[in-house]
Amino acid sequence: GGNLVASIIGTFDGRRGYVARFGVNPTYQHKGVGKKIAHELLSRFREMGVKKILGFVSETNKNVLNFSFETI
């Protein structure tokens, strides 16, 4: 009966990591939830030896355009 708080989907093609989907329930945004799950995905990518990570963002998603994984 709970609500979904956040979700992230990462994939790996043997060379690069990809962030395919990443979202945080608006009620939980700006509370560090997104940063926490992104950090977990980046840790897993590092363990796999990923050196380059690509993400896809819709240009209409203005809230995410300034997000950077470099700050995590």
# chains A, B, ... in the order shown; residues from 1 in each chain; ligands from 1
>>> residues_around(residues="region 51-55 of chain A", least_positions_apart="6", cutoff="10 Å", atoms="only C-alpha atoms", output="PyMOL selection string")
chain A and resi 10-12+15-22+42+45+68-69
>>> write_last_selection(atoms="N, CA and C atoms", output="PDB file, in the first residue's frame")
ATOM      1  N   GLY A  10      19.558   1.783 -14.864  1.00  0.00           N
ATOM      2  CA  GLY A  10      20.837   1.922 -15.528  1.00  0.00           C
ATOM      3  C   GLY A  10      21.130   0.672 -16.336  1.00  0.00           C
ATOM      4  N   THR A  11      21.778   0.845 -17.466  1.00  0.00           N
ATOM      5  CA  THR A  11      22.171  -0.287 -18.299  1.00  0.00           C
ATOM      6  C   THR A  11      23.654  -0.170 -18.635  1.00  0.00           C
ATOM      7  N   PHE A  12      24.230  -1.273 -19.063  1.00  0.00           N
ATOM      8  CA  PHE A  12      25.654  -1.339 -19.371  1.00  0.00           C
ATOM      9  C   PHE A  12      25.839  -2.139 -20.651  1.00  0.00           C
ATOM     10  N   ARG A  15      30.861  -1.381 -22.266  1.00  0.00           N
ATOM     11  CA  ARG A  15      31.812  -0.273 -22.324  1.00  0.00           C
ATOM     12  C   ARG A  15      31.297   0.947 -21.585  1.00  0.00           C
ATOM     13  N   ARG A  16      30.069   1.319 -21.867  1.00  0.00           N
ATOM     14  CA  ARG A  16      29.491   2.529 -21.287  1.00  0.00           C
ATOM     15  C   ARG A  16      28.276   2.197 -20.435  1.00  0.00           C
ATOM     16  N   GLY A  17      28.050   3.048 -19.452  1.00  0.00           N
ATOM     17  CA  GLY A  17      26.842   2.947 -18.647  1.00  0.00           C
ATOM     18  C   GLY A  17      25.828   3.957 -19.156  1.00  0.00           C
ATOM     19  N   TYR A  18      24.582   3.630 -19.042  1.00  0.00           N
ATOM     20  CA  TYR A  18      23.508   4.518 -19.487  1.00  0.00           C
ATOM     21  C   TYR A  18      22.485   4.673 -18.371  1.00  0.00           C
ATOM     22  N   VAL A  19      22.025   5.900 -18.185  1.00  0.00           N
ATOM     23  CA  VAL A  19      20.900   6.148 -17.291  1.00  0.00           C
ATOM     24  C   VAL A  19      19.694   6.285 -18.204  1.00  0.00           C
ATOM     25  N   ALA A  20      18.875   5.251 -18.205  1.00  0.00           N
ATOM     26  CA  ALA A  20      17.750   5.200 -19.130  1.00  0.00           C
ATOM     27  C   ALA A  20      16.507   5.862 -18.559  1.00  0.00           C
ATOM     28  N   ARG A  21      16.287   5.689 -17.276  1.00  0.00           N
ATOM     29  CA  ARG A  21      15.120   6.272 -16.607  1.00  0.00           C
ATOM     30  C   ARG A  21      15.529   6.680 -15.203  1.00  0.00           C
ATOM     31  N   PHE A  22      15.046   7.837 -14.768  1.00  0.00           N
ATOM     32  CA  PHE A  22      15.384   8.342 -13.442  1.00  0.00           C
ATOM     33  C   PHE A  22      14.261   9.275 -13.034  1.00  0.00           C
ATOM     34  N   LEU A  42      25.862   4.887  -9.613  1.00  0.00           N
ATOM     35  CA  LEU A  42      27.238   5.224  -9.987  1.00  0.00           C
ATOM     36  C   LEU A  42      28.234   4.290  -9.306  1.00  0.00           C
ATOM     37  N   PHE A  45      28.190   1.107 -11.246  1.00  0.00           N
ATOM     38  CA  PHE A  45      28.900   1.289 -12.517  1.00  0.00           C
ATOM     39  C   PHE A  45      30.413   1.253 -12.279  1.00  0.00           C
ATOM     40  N   SER A  68      23.507  17.250 -12.658  1.00  0.00           N
ATOM     41  CA  SER A  68      24.787  16.701 -13.058  1.00  0.00           C
ATOM     42  C   SER A  68      25.188  15.563 -12.133  1.00  0.00           C
ATOM     43  N   PHE A  69      25.577  14.446 -12.705  1.00  0.00           N
ATOM     44  CA  PHE A  69      26.053  13.340 -11.899  1.00  0.00           C
ATOM     45  C   PHE A  69      27.430  13.656 -11.322  1.00  0.00           C
TER      46      PHE A  69
END
>>> select_by_dssp(residues="chain A", states="strand (DSSP E)", output="list in words")
Ala6, Ser7, Ile8, Ile9, Gly10, Thr11, Phe12, Arg16, Gly17, Tyr18, Val19, Ala20, Arg21, Phe22, Gly23, Val24, Lys52, Ile53, Leu54 and Gly55 of chain A
>>> write_last_selection(atoms="all heavy atoms", output="tab-separated table (two decimals), in the first residue's frame")
chain	number	residue	atom	x	y	z
A	6	ALA	N	11.09	6.75	-5.59
A	6	ALA	CA	12.05	7.07	-6.64
A	6	ALA	C	12.42	5.81	-7.40
A	6	ALA	O	12.28	4.70	-6.89
A	6	ALA	CB	13.30	7.69	-6.04
A	7	SER	N	12.91	6.00	-8.62
A	7	SER	CA	13.31	4.88	-9.45
A	7	SER	C	14.43	5.32	-10.38
A	7	SER	O	14.43	6.44	-10.87
A	7	SER	CB	12.11	4.40	-10.27
A	7	SER	OG	12.49	3.38	-11.15
A	8	ILE	N	15.37	4.42	-10.61
A	8	ILE	CA	16.43	4.68	-11.58
A	8	ILE	C	16.73	3.38	-12.31
A	8	ILE	O	16.75	2.31	-11.70
A	8	ILE	CB	17.70	5.26	-10.90
A	8	ILE	CG1	18.69	5.80	-11.93
A	8	ILE	CG2	18.35	4.24	-9.98
A	8	ILE	CD1	19.77	6.69	-11.34
A	9	ILE	N	16.91	3.47	-13.60
A	9	ILE	CA	17.25	2.30	-14.41
A	9	ILE	C	18.56	2.60	-15.13
A	9	ILE	O	18.65	3.57	-15.90
A	9	ILE	CB	16.15	1.96	-15.44
A	9	ILE	CG1	14.84	1.62	-14.72
A	9	ILE	CG2	16.60	0.81	-16.34
A	9	ILE	CD1	13.67	1.43	-15.65
A	10	GLY	N	19.56	1.78	-14.86
A	10	GLY	CA	20.84	1.92	-15.53
A	10	GLY	C	21.13	0.67	-16.34
A	10	GLY	O	20.76	-0.43	-15.93
A	11	THR	N	21.78	0.84	-17.47
A	11	THR	CA	22.17	-0.29	-18.30
A	11	THR	C	23.65	-0.17	-18.64
A	11	THR	O	24.25	0.90	-18.51
A	11	THR	CB	21.35	-0.36	-19.60
A	11	THR	OG1	21.57	0.84	-20.37
A	11	THR	CG2	19.86	-0.49	-19.31
A	12	PHE	N	24.23	-1.27	-19.06
A	12	PHE	CA	25.65	-1.34	-19.37
A	12	PHE	C	25.84	-2.14	-20.65
A	12	PHE	O	25.30	-3.24	-20.78
A	12	PHE	CB	26.37	-2.01	-18.19
A	12	PHE	CG	27.84	-2.20	-18.37
A	12	PHE	CD1	28.67	-1.14	-18.69
A	12	PHE	CD2	28.40	-3.46	-18.19
A	12	PHE	CE1	30.04	-1.32	-18.84
A	12	PHE	CE2	29.77	-3.66	-18.33
A	12	PHE	CZ	30.58	-2.58	-18.65
A	16	ARG	N	30.07	1.32	-21.87
A	16	ARG	CA	29.49	2.53	-21.29
A	16	ARG	C	28.28	2.20	-20.43
A	16	ARG	O	27.57	1.23	-20.69
A	16	ARG	CB	29.05	3.49	-22.40
A	16	ARG	CG	30.20	4.13	-23.14
A	16	ARG	CD	29.66	5.04	-24.22
A	16	ARG	NE	29.06	4.26	-25.28
A	16	ARG	CZ	29.59	4.01	-26.46
A	16	ARG	NH1	30.75	4.53	-26.77
A	16	ARG	NH2	28.97	3.29	-27.34
A	17	GLY	N	28.05	3.05	-19.45
A	17	GLY	CA	26.84	2.95	-18.65
A	17	GLY	C	25.83	3.96	-19.16
A	17	GLY	O	26.19	5.02	-19.67
A	18	TYR	N	24.58	3.63	-19.04
A	18	TYR	CA	23.51	4.52	-19.49
A	18	TYR	C	22.49	4.67	-18.37
A	18	TYR	O	22.13	3.70	-17.72
A	18	TYR	CB	22.79	3.94	-20.71
A	18	TYR	CG	23.67	3.80	-21.92
A	18	TYR	CD1	24.39	2.63	-22.14
A	18	TYR	CD2	23.78	4.83	-22.84
A	18	TYR	CE1	25.20	2.49	-23.24
A	18	TYR	CE2	24.59	4.70	-23.95
A	18	TYR	CZ	25.30	3.53	-24.15
A	18	TYR	OH	26.10	3.39	-25.25
A	19	VAL	N	22.03	5.90	-18.18
A	19	VAL	CA	20.90	6.15	-17.29
A	19	VAL	C	19.69	6.28	-18.20
A	19	VAL	O	19.54	7.28	-18.92
A	19	VAL	CB	21.11	7.42	-16.44
A	19	VAL	CG1	19.91	7.65	-15.55
A	19	VAL	CG2	22.39	7.30	-15.63
A	20	ALA	N	18.87	5.25	-18.20
A	20	ALA	CA	17.75	5.20	-19.13
A	20	ALA	C	16.51	5.86	-18.56
A	20	ALA	O	15.76	6.53	-19.28
A	20	ALA	CB	17.44	3.75	-19.50
A	21	ARG	N	16.29	5.69	-17.28
A	21	ARG	CA	15.12	6.27	-16.61
A	21	ARG	C	15.53	6.68	-15.20
A	21	ARG	O	16.27	5.97	-14.52
A	21	ARG	CB	13.97	5.26	-16.49
A	21	ARG	CG	13.41	4.80	-17.80
A	21	ARG	CD	12.46	5.86	-18.37
A	21	ARG	NE	11.78	5.37	-19.54
A	21	ARG	CZ	12.18	5.58	-20.79
A	21	ARG	NH1	13.27	6.25	-21.02
A	21	ARG	NH2	11.49	5.12	-21.80
A	22	PHE	N	15.05	7.84	-14.77
A	22	PHE	CA	15.38	8.34	-13.44
A	22	PHE	C	14.26	9.28	-13.03
A	22	PHE	O	13.96	10.24	-13.73
A	22	PHE	CB	16.72	9.08	-13.53
A	22	PHE	CG	17.27	9.64	-12.25
A	22	PHE	CD1	16.88	9.15	-11.01
A	22	PHE	CD2	18.21	10.64	-12.29
A	22	PHE	CE1	17.42	9.65	-9.85
A	22	PHE	CE2	18.76	11.16	-11.14
A	22	PHE	CZ	18.36	10.66	-9.91
A	23	GLY	N	13.63	8.99	-11.94
A	23	GLY	CA	12.54	9.85	-11.50
A	23	GLY	C	12.34	9.80	-10.00
A	23	GLY	O	12.65	8.81	-9.35
A	24	VAL	N	11.87	10.91	-9.46
A	24	VAL	CA	11.57	11.03	-8.04
A	24	VAL	C	10.16	11.58	-7.90
A	24	VAL	O	9.81	12.58	-8.54
A	24	VAL	CB	12.58	11.94	-7.31
A	24	VAL	CG1	12.23	12.09	-5.84
A	24	VAL	CG2	14.00	11.42	-7.47
A	52	LYS	N	32.55	5.87	-18.66
A	52	LYS	CA	31.72	6.90	-19.28
A	52	LYS	C	30.25	6.54	-19.06
A	52	LYS	O	29.84	5.41	-19.28
A	52	LYS	CB	32.00	6.99	-20.77
A	52	LYS	CG	31.24	8.12	-21.47
A	52	LYS	CD	31.52	8.16	-22.95
A	52	LYS	CE	32.81	8.92	-23.16
A	52	LYS	NZ	33.05	9.19	-24.59
A	53	ILE	N	29.49	7.53	-18.62
A	53	ILE	CA	28.06	7.33	-18.37
A	53	ILE	C	27.29	8.35	-19.20
A	53	ILE	O	27.59	9.54	-19.17
A	53	ILE	CB	27.73	7.51	-16.88
A	53	ILE	CG1	28.51	6.50	-16.05
A	53	ILE	CG2	26.22	7.37	-16.65
A	53	ILE	CD1	28.45	6.76	-14.56
A	54	LEU	N	26.30	7.86	-19.92
A	54	LEU	CA	25.46	8.72	-20.73
A	54	LEU	C	24.04	8.71	-20.18
A	54	LEU	O	23.56	7.68	-19.71
A	54	LEU	CB	25.45	8.25	-22.18
A	54	LEU	CG	26.81	8.16	-22.86
A	54	LEU	CD1	26.68	7.47	-24.19
A	54	LEU	CD2	27.41	9.53	-23.02
A	55	GLY	N	23.39	9.85	-20.26
A	55	GLY	CA	22.00	9.95	-19.82
A	55	GLY	C	21.18	10.62	-20.90
A	55	GLY	O	21.70	11.39	-21.70
>>> residues_around(residues="Asn3 (chain A)", least_positions_apart="6", cutoff="12 Å", atoms="only C-alpha atoms", output="list in words")
Val24, Asn25, Pro26, Thr27 and Tyr28 of chain A
>>> select_by_dssp(residues="chain A", states="helix (DSSP H, G or I)", output="MDAnalysis selection string")
chainID A and resid 26:28 33:47 69:71
>>> atom_distance(atom1="CA of Asn63 (chain A)", atom2="CA of Lys36 (chain A)")
17.7 Å
>>> atom_distance(atom1="CA of Arg46 (chain A)", atom2="CA of Leu4 (chain A)")
26.3 Å
>>> atom_distance(atom1="CA of Lys35 (chain A)", atom2="CA of Lys62 (chain A)")
17.6 Å
